[in-house]
file protein_33.pdb (PDB, C-alpha atoms)
MODEL        1
ATOM      1  CA  MET R1364      14.896 -20.427  49.304
ATOM      2  CA  LYS R1365      15.438 -20.775  45.545
ATOM      3  CA  THR R1366      14.414 -17.168  44.962
ATOM      4  CA  MET R1367      16.812 -15.960  47.641
ATOM      5  CA  THR R1368      19.685 -17.917  46.073
ATOM      6  CA  SER R1369      18.843 -16.661  42.594
ATOM      7  CA  MET R1370      18.679 -13.065  43.879
ATOM      8  CA  ILE R1371      22.111 -13.420  45.493
ATOM      9  CA  LEU R1372      23.569 -14.904  42.293
ATOM     10  CA  ALA R1373      22.011 -12.119  40.202
ATOM     11  CA  GLY R1374      23.465  -9.521  42.578
ATOM     12  CA  LEU R1375      26.923 -11.078  42.364
ATOM     13  CA  LEU R1376      26.715 -11.224  38.577
ATOM     14  CA  LEU R1377      25.752  -7.551  38.342
ATOM     15  CA  ALA R1378      28.562  -6.580  40.711
ATOM     16  CA  SER R1379      31.199  -8.531  38.796
ATOM     17  CA  PRO R1380      33.912  -6.539  37.010
ATOM     18  CA  MET R1381      33.006  -8.049  33.645
ATOM     19  CA  THR R1382      29.546  -6.452  33.600
ATOM     20  CA  GLN R1383      30.644  -2.982  34.707
ATOM     21  CA  ALA R1384      31.386  -0.353  32.085
ATOM     22  CA  VAL R1385      35.077   0.155  31.502
ATOM     23  CA  GLU R1386      36.210   3.760  31.356
ATOM     24  CA  GLN R1387      38.696   4.300  28.592
ATOM     25  CA  THR R1388      41.854   6.289  29.248
ATOM     26  CA  LEU R1389      43.176   8.673  26.650
ATOM     27  CA  PRO R1390      46.846   8.549  25.738
ATOM     28  CA  ALA R1391      49.041  11.447  26.891
ATOM     29  CA  VAL R1392      47.267  14.761  26.305
ATOM     30  CA  LEU R1393      48.565  18.350  26.280
ATOM     31  CA  TYR R1394      46.332  20.683  28.316
ATOM     32  CA  ILE R1395      45.793  24.229  27.020
ATOM     33  CA  SER R1396      43.273  26.609  28.592
ATOM     34  CA  SER R1397      42.247  30.242  28.456
ATOM     35  CA  ILE R1398      41.158  29.923  32.097
ATOM     36  CA  ASP R1399      43.948  30.596  34.569
ATOM     37  CA  SER R1400      42.964  28.003  37.176
ATOM     38  CA  ASP R1401      45.000  25.193  38.678
ATOM     39  CA  GLU R1402      41.809  23.930  40.304
ATOM     40  CA  LEU R1403      40.235  23.187  36.893
ATOM     41  CA  TYR R1404      43.388  21.437  35.687
ATOM     42  CA  THR R1405      43.563  19.307  38.834
ATOM     43  CA  LYS R1406      39.910  18.264  38.627
ATOM     44  CA  LEU R1407      40.246  17.352  34.941
ATOM     45  CA  LYS R1408      43.376  15.329  35.670
ATOM     46  CA  GLU R1409      41.520  13.381  38.377
ATOM     47  CA  THR R1410      39.076  11.962  35.816
ATOM     48  CA  PRO R1411      40.110   8.457  34.703
ATOM     49  CA  ALA R1412      39.990   9.327  30.997
ATOM     50  CA  LEU R1413      42.447  12.219  31.414
ATOM     51  CA  LYS R1414      44.832  10.853  34.022
ATOM     52  CA  LEU R1415      47.755  11.090  31.526
ATOM     53  CA  MET R1416      47.035  14.768  30.771
ATOM     54  CA  ASP R1417      49.836  17.261  31.402
ATOM     55  CA  LYS R1418      50.522  20.959  30.828
ATOM     56  CA  GLU R1419      54.066  20.280  29.667
ATOM     57  CA  ASN R1420      53.531  17.685  26.884
ATOM     58  CA  VAL R1421      54.375  20.367  24.341
ATOM     59  CA  GLY R1422      55.192  18.082  21.388
ATOM     60  CA  ASN R1423      52.153  15.897  21.927
ATOM     61  CA  PRO R1424      49.757  15.581  18.956
ATOM     62  CA  LEU R1425      46.690  15.116  21.193
ATOM     63  CA  ARG R1426      45.497  18.305  22.891
ATOM     64  CA  LEU R1427      42.656  19.281  25.171
ATOM     65  CA  VAL R1428      41.836  22.953  24.622
ATOM     66  CA  VAL R1429      39.484  24.633  27.109
ATOM     67  CA  ASN R1430      38.104  28.023  26.050
ATOM     68  CA  TYR R1431      35.404  30.298  27.333
ATOM     69  CA  LYS R1432      33.565  33.289  25.931
ATOM     70  CA  TYR R1433      30.706  35.512  26.956
ATOM     71  CA  GLU R1434      27.789  35.874  24.550
ATOM     72  CA  THR R1435      25.496  38.789  25.252
ATOM     73  CA  THR R1436      21.797  38.035  25.304
ATOM     74  CA  ALA R1437      19.291  40.350  23.589
ATOM     75  CA  GLY R1438      17.920  41.640  26.890
ATOM     76  CA  GLY R1439      21.401  41.799  28.355
ATOM     77  CA  GLU R1440      22.604  44.073  25.559
ATOM     78  CA  ALA R1441      19.827  46.604  26.192
ATOM     79  CA  ALA R1442      20.254  46.426  29.974
ATOM     80  CA  GLY R1443      24.035  46.726  29.680
ATOM     81  CA  PHE R1444      23.792  49.793  27.459
ATOM     82  CA  THR R1445      21.286  51.487  29.766
ATOM     83  CA  SER R1446      23.211  50.681  32.939
ATOM     84  CA  ALA R1447      26.472  51.835  31.308
ATOM     85  CA  LEU R1448      24.843  55.198  30.520
ATOM     86  CA  LEU R1449      23.555  55.498  34.087
ATOM     87  CA  ALA R1450      26.905  54.442  35.578
ATOM     88  CA  GLY R1451      28.768  56.915  33.378
ATOM     89  CA  SER R1452      26.410  59.751  34.204
ATOM     90  CA  SER R1453      26.778  59.032  37.940
ATOM     91  CA  LEU R1454      30.611  59.030  37.570
ATOM     92  CA  GLY R1455      30.739  55.350  38.527
ATOM     93  CA  ILE R1456      28.587  55.446  41.643
ATOM     94  CA  LEU R1457      25.950  53.179  40.074
ATOM     95  CA  PRO R1458      27.096  49.717  38.949
ATOM     96  CA  VAL R1459      27.116  48.420  35.393
ATOM     97  CA  VAL R1460      24.709  45.505  35.067
ATOM     98  CA  THR R1461      25.397  42.894  32.388
ATOM     99  CA  ASN R1462      23.540  39.760  31.415
ATOM    100  CA  SER R1463      25.336  37.244  29.230
ATOM    101  CA  ASP R1464      25.811  33.547  28.609
ATOM    102  CA  LEU R1465      29.104  31.982  29.606
ATOM    103  CA  VAL R1466      29.955  29.384  26.959
ATOM    104  CA  LEU R1467      32.636  26.879  27.959
ATOM    105  CA  THR R1468      34.067  24.708  25.181
ATOM    106  CA  TYR R1469      36.224  21.608  25.549
ATOM    107  CA  GLU R1470      37.983  20.628  22.306
ATOM    108  CA  LEU R1471      40.037  17.515  21.701
ATOM    109  CA  ARG R1472      42.419  18.058  18.798
ATOM    110  CA  VAL R1473      44.768  15.631  17.056
ATOM    111  CA  HIS R1474      47.596  17.291  15.075
ATOM    112  CA  GLY R1475      45.574  20.513  15.124
ATOM    113  CA  GLU R1476      42.493  18.846  13.593
ATOM    114  CA  LEU R1477      39.317  18.985  15.665
ATOM    115  CA  LEU R1478      38.333  15.491  16.819
ATOM    116  CA  THR R1479      35.450  16.406  19.104
ATOM    117  CA  SER R1480      34.056  19.515  20.723
ATOM    118  CA  VAL R1481      31.650  19.807  23.650
ATOM    119  CA  SER R1482      30.152  23.125  24.792
ATOM    120  CA  TYR R1483      28.234  24.037  27.920
ATOM    121  CA  ARG R1484      26.259  27.251  28.441
ATOM    122  CA  GLU R1485      25.021  29.087  31.531
ATOM    123  CA  ASN R1486      23.457  32.522  31.943
ATOM    124  CA  PHE R1487      24.970  35.004  34.412
ATOM    125  CA  THR R1488      23.876  38.477  35.489
ATOM    126  CA  LYS R1489      26.570  40.650  37.025
ATOM    127  CA  ALA R1490      26.594  44.066  38.651
ATOM    128  CA  GLN R1491      30.042  45.573  39.032
ATOM    129  CA  ASN R1492      31.744  48.888  39.388
ATOM    130  CA  MET R1493      32.849  50.342  36.057
ATOM    131  CA  TYR R1494      36.339  50.933  37.485
ATOM    132  CA  SER R1495      36.893  47.383  38.690
ATOM    133  CA  ASN R1496      39.518  45.270  36.980
ATOM    134  CA  GLN R1497      38.870  41.546  37.307
ATOM    135  CA  GLY R1498      41.813  40.412  35.246
ATOM    136  CA  LEU R1499      42.093  39.161  31.690
ATOM    137  CA  TYR R1500      42.025  35.390  32.181
ATOM    138  CA  THR R1501      40.120  35.035  35.439
ATOM    139  CA  LEU R1502      36.474  34.270  36.066
ATOM    140  CA  ASP R1503      34.504  35.452  39.069
ATOM    141  CA  LYS R1504      33.667  33.044  41.892
ATOM    142  CA  ASP R1505      30.178  32.086  40.653
ATOM    143  CA  SER R1506      31.320  31.519  37.072
ATOM    144  CA  MET R1507      34.272  29.421  38.215
ATOM    145  CA  ALA R1508      32.020  27.310  40.443
ATOM    146  CA  TRP R1509      29.819  26.577  37.420
ATOM    147  CA  VAL R1510      32.883  25.745  35.276
ATOM    148  CA  MET R1511      33.936  23.179  37.870
ATOM    149  CA  THR R1512      30.540  21.457  37.557
ATOM    150  CA  THR R1513      31.109  20.898  33.832
ATOM    151  CA  VAL R1514      34.131  18.632  34.378
ATOM    152  CA  ASP R1515      32.027  15.608  35.341
ATOM    153  CA  LYS R1516      29.644  16.237  32.427
ATOM    154  CA  PHE R1517      32.597  16.448  30.050
ATOM    155  CA  ALA R1518      34.114  13.225  31.400
ATOM    156  CA  ALA R1519      30.797  11.428  30.821
ATOM    157  CA  ASP R1520      30.384  12.931  27.344
ATOM    158  CA  ILE R1521      33.808  11.848  26.108
ATOM    159  CA  GLN R1522      33.259   8.292  27.344
ATOM    160  CA  SER R1523      30.323   7.943  24.950
ATOM    161  CA  ASN R1524      32.022   9.653  21.976
ATOM    162  CA  PRO R1525      32.532   7.221  19.046
ATOM    163  CA  GLU R1526      35.388   9.208  17.425
ATOM    164  CA  LEU R1527      37.302   9.188  20.675
ATOM    165  CA  LYS R1528      36.754   5.461  21.186
ATOM    166  CA  GLN R1529      38.086   4.867  17.677
ATOM    167  CA  LEU R1530      41.158   7.010  18.410
ATOM    168  CA  ILE R1531      41.887   5.082  21.618
ATOM    169  CA  GLU R1532      41.493   1.743  19.828
ATOM    170  CA  GLU R1533      43.843   2.867  17.056
ATOM    171  CA  TYR R1534      46.370   4.184  19.546
ATOM    172  CA  ASN R1535      46.251   0.930  21.508
ATOM    173  CA  TYR R1536      46.644  -1.074  18.281
ATOM    174  CA  TYR R1537      49.859   0.739  17.337
ATOM    175  CA  PHE R1538      51.292   1.676  20.713
ATOM    176  CA  GLY R1539      49.611  -0.670  23.228
ATOM    177  CA  GLN R1540      51.559  -3.134  25.317
TER
ENDMDL
END

call {"tool": "encode", "arguments": {"input": "protein_33.pdb", "output": "structure tokens"}}
result
Amino acid sequence: MKTMTSMILAGLLLASPMTQAVEQTLPAVLYISSIDSDELYTKLKETPALKLMDKENVGNPLRLVVNYKYETTAGGEAAGFTSALLAGSSLGILPVVTNSDLVLTYELRVHGELLTSVSYRENFTKAQNMYSNQGLYTLDKDSMAWVMTTVDKFAADIQSNPELKQLIEEYNYYFGQ
């Protein structure tokens, strides 16, 4: 009976709010992205740390900048060149095959100075018609699905960032209620 009571007390202690990790919320943040996606913005805004983020906080000193770039792999460069030659010689009947890494970078900046930067990388192979036009700031469906998976990783990474914790503490010291 004593062990049952002690197990119940231990369970209640572990479930108490005092023992659970507290997620820190950033002050108001301006959101800037090279990815034209409202879905990414909405998912980022749903994270507790970024609930005060907005696209229209133009004068705000704290900014979240989301950028992406493609980095060609060594094998992807050779394959891309060969498939481009074959696609060109077939007048576009054959597709152009590319293999590159999509690198997504989240940067938190304060007054233009980089506070923290987190990058995620995934390899993608694509075959597309040489005449297709995807758009300048859009990602294909598979790439965008992967980008959406990085939001939770980013939210976890910024919770453990010491520079960010220090910024939040300083902000709360000067501007807290």

call {"tool": "residues_around", "arguments": {"input": "protein_33.pdb", "residues": "R:Glu1526", "least_positions_apart": "4", "cutoff": "9 Å", "atoms": "all atoms listed in the file", "output": "list in words"}}
result
Leu1478, Thr1479, Leu1530 and Ile1531 of chain R

call {"tool": "atom_distance", "arguments": {"input": "protein_33.pdb", "atom1": "atom CA of R:Thr1512", "atom2": "atom CA of R:Asn1462"}}
result
20.5 Å

call {"tool": "atom_distance", "arguments": {"input": "protein_33.pdb", "atom1": "atom CA of R:Arg1484", "atom2": "atom CA of R:Asp1515"}}
result
14.7 Å

call {"tool": "closest_residue", "arguments": {"input": "protein_33.pdb", "among": "R:Leu1389, R:Val1459, R:Ala1519, R:Met1507", "to": "R:Glu1532", "atoms": "all atoms listed in the file"}}
result
R:Leu1389

call {"tool": "residues_around", "arguments": {"input": "protein_33.pdb", "residues": "stretch 1411-1414 of chain R", "least_positions_apart": "2", "cutoff": "9 Å", "atoms": "only C-alpha atoms", "output": "JSON, numbers by chain"}}
result
{"R": [1386, 1387, 1388, 1389, 1390, 1391, 1392, 1407, 1408, 1409, 1416, 1417, 1518, 1521, 1522]}

call {"tool": "atom_distance", "arguments": {"input": "protein_33.pdb", "atom1": "atom CA of R:Tyr1394", "atom2": "atom CA of R:Ser1463"}}
result
26.8 Å

call {"tool": "residues_around", "arguments": {"input": "protein_33.pdb", "residues": "R:His1474", "least_positions_apart": "4", "cutoff": "9 Å", "atoms": "all atoms listed in the file", "output": "ChimeraX atom specification"}}
result
/R:1423-1426

call {"tool": "write_last_selection", "arguments": {"input": "protein_33.pdb", "atoms": "C-alpha atoms", "output": "PDB file, in the frame of the given file"}}
result
ATOM      1  CA  ASN R1423      52.153  15.897  21.927  1.00  0.00           C
ATOM      2  CA  PRO R1424      49.757  15.581  18.956  1.00  0.00           C
ATOM      3  CA  LEU R1425      46.690  15.116  21.193  1.00  0.00           C
ATOM      4  CA  ARG R1426      45.497  18.305  22.891  1.00  0.00           C
TER       5      ARG R1426
END

call {"tool": "closest_residue", "arguments": {"input": "protein_33.pdb", "among": "R:Asn1420, R:Ser1397, R:Ser1480, R:Asn1430", "to": "R:Asp1520", "atoms": "only C-alpha atoms"}}
result
R:Ser1480

call {"tool": "closest_residue", "arguments": {"input": "protein_33.pdb", "among": "R:Arg1472, R:Lys1528, R:Lys1516, R:Lys1406", "to": "R:Leu1427", "atoms": "only C-alpha atoms"}}
result
R:Arg1472

call {"tool": "closest_residue", "arguments": {"input": "protein_33.pdb", "among": "R:Ala1490, R:Leu1465, R:Val1429, R:Ile1456", "to": "R:Leu1403", "atoms": "all atoms listed in the file"}}
result
R:Val1429

call {"tool": "axis_aligned_box", "arguments": {"input": "protein_33.pdb", "around": "stretch 1402-1419 of chain R", "padding_each_side": "6 Å", "output": "JSON"}}
result
{"center_x": 46.6, "center_y": 16.2, "center_z": 35.0, "size_x": 27.0, "size_y": 27.5, "size_z": 22.6}

call {"tool": "closest_residue", "arguments": {"input": "protein_33.pdb", "among": "R:Lys1418, R:Asn1524, R:Asn1486, R:Glu1434", "to": "R:Asp1401", "atoms": "only C-alpha atoms"}}
result
R:Lys1418

call {"tool": "residues_around", "arguments": {"input": "protein_33.pdb", "residues": "R:Leu1502", "least_positions_apart": "3", "cutoff": "12 Å", "atoms": "only C-alpha atoms", "output": "list in words"}}
result
Ser1397, Ile1398, Asp1399, Ser1400, Leu1403, Asn1430, Tyr1431, Lys1432, Tyr1433, Leu1465, Leu1467, Phe1487, Lys1489, Asn1496, Gln1497, Gly1498, Leu1499, Asp1505, Ser1506, Met1507, Ala1508, Trp1509, Val1510 and Met1511 of chain R
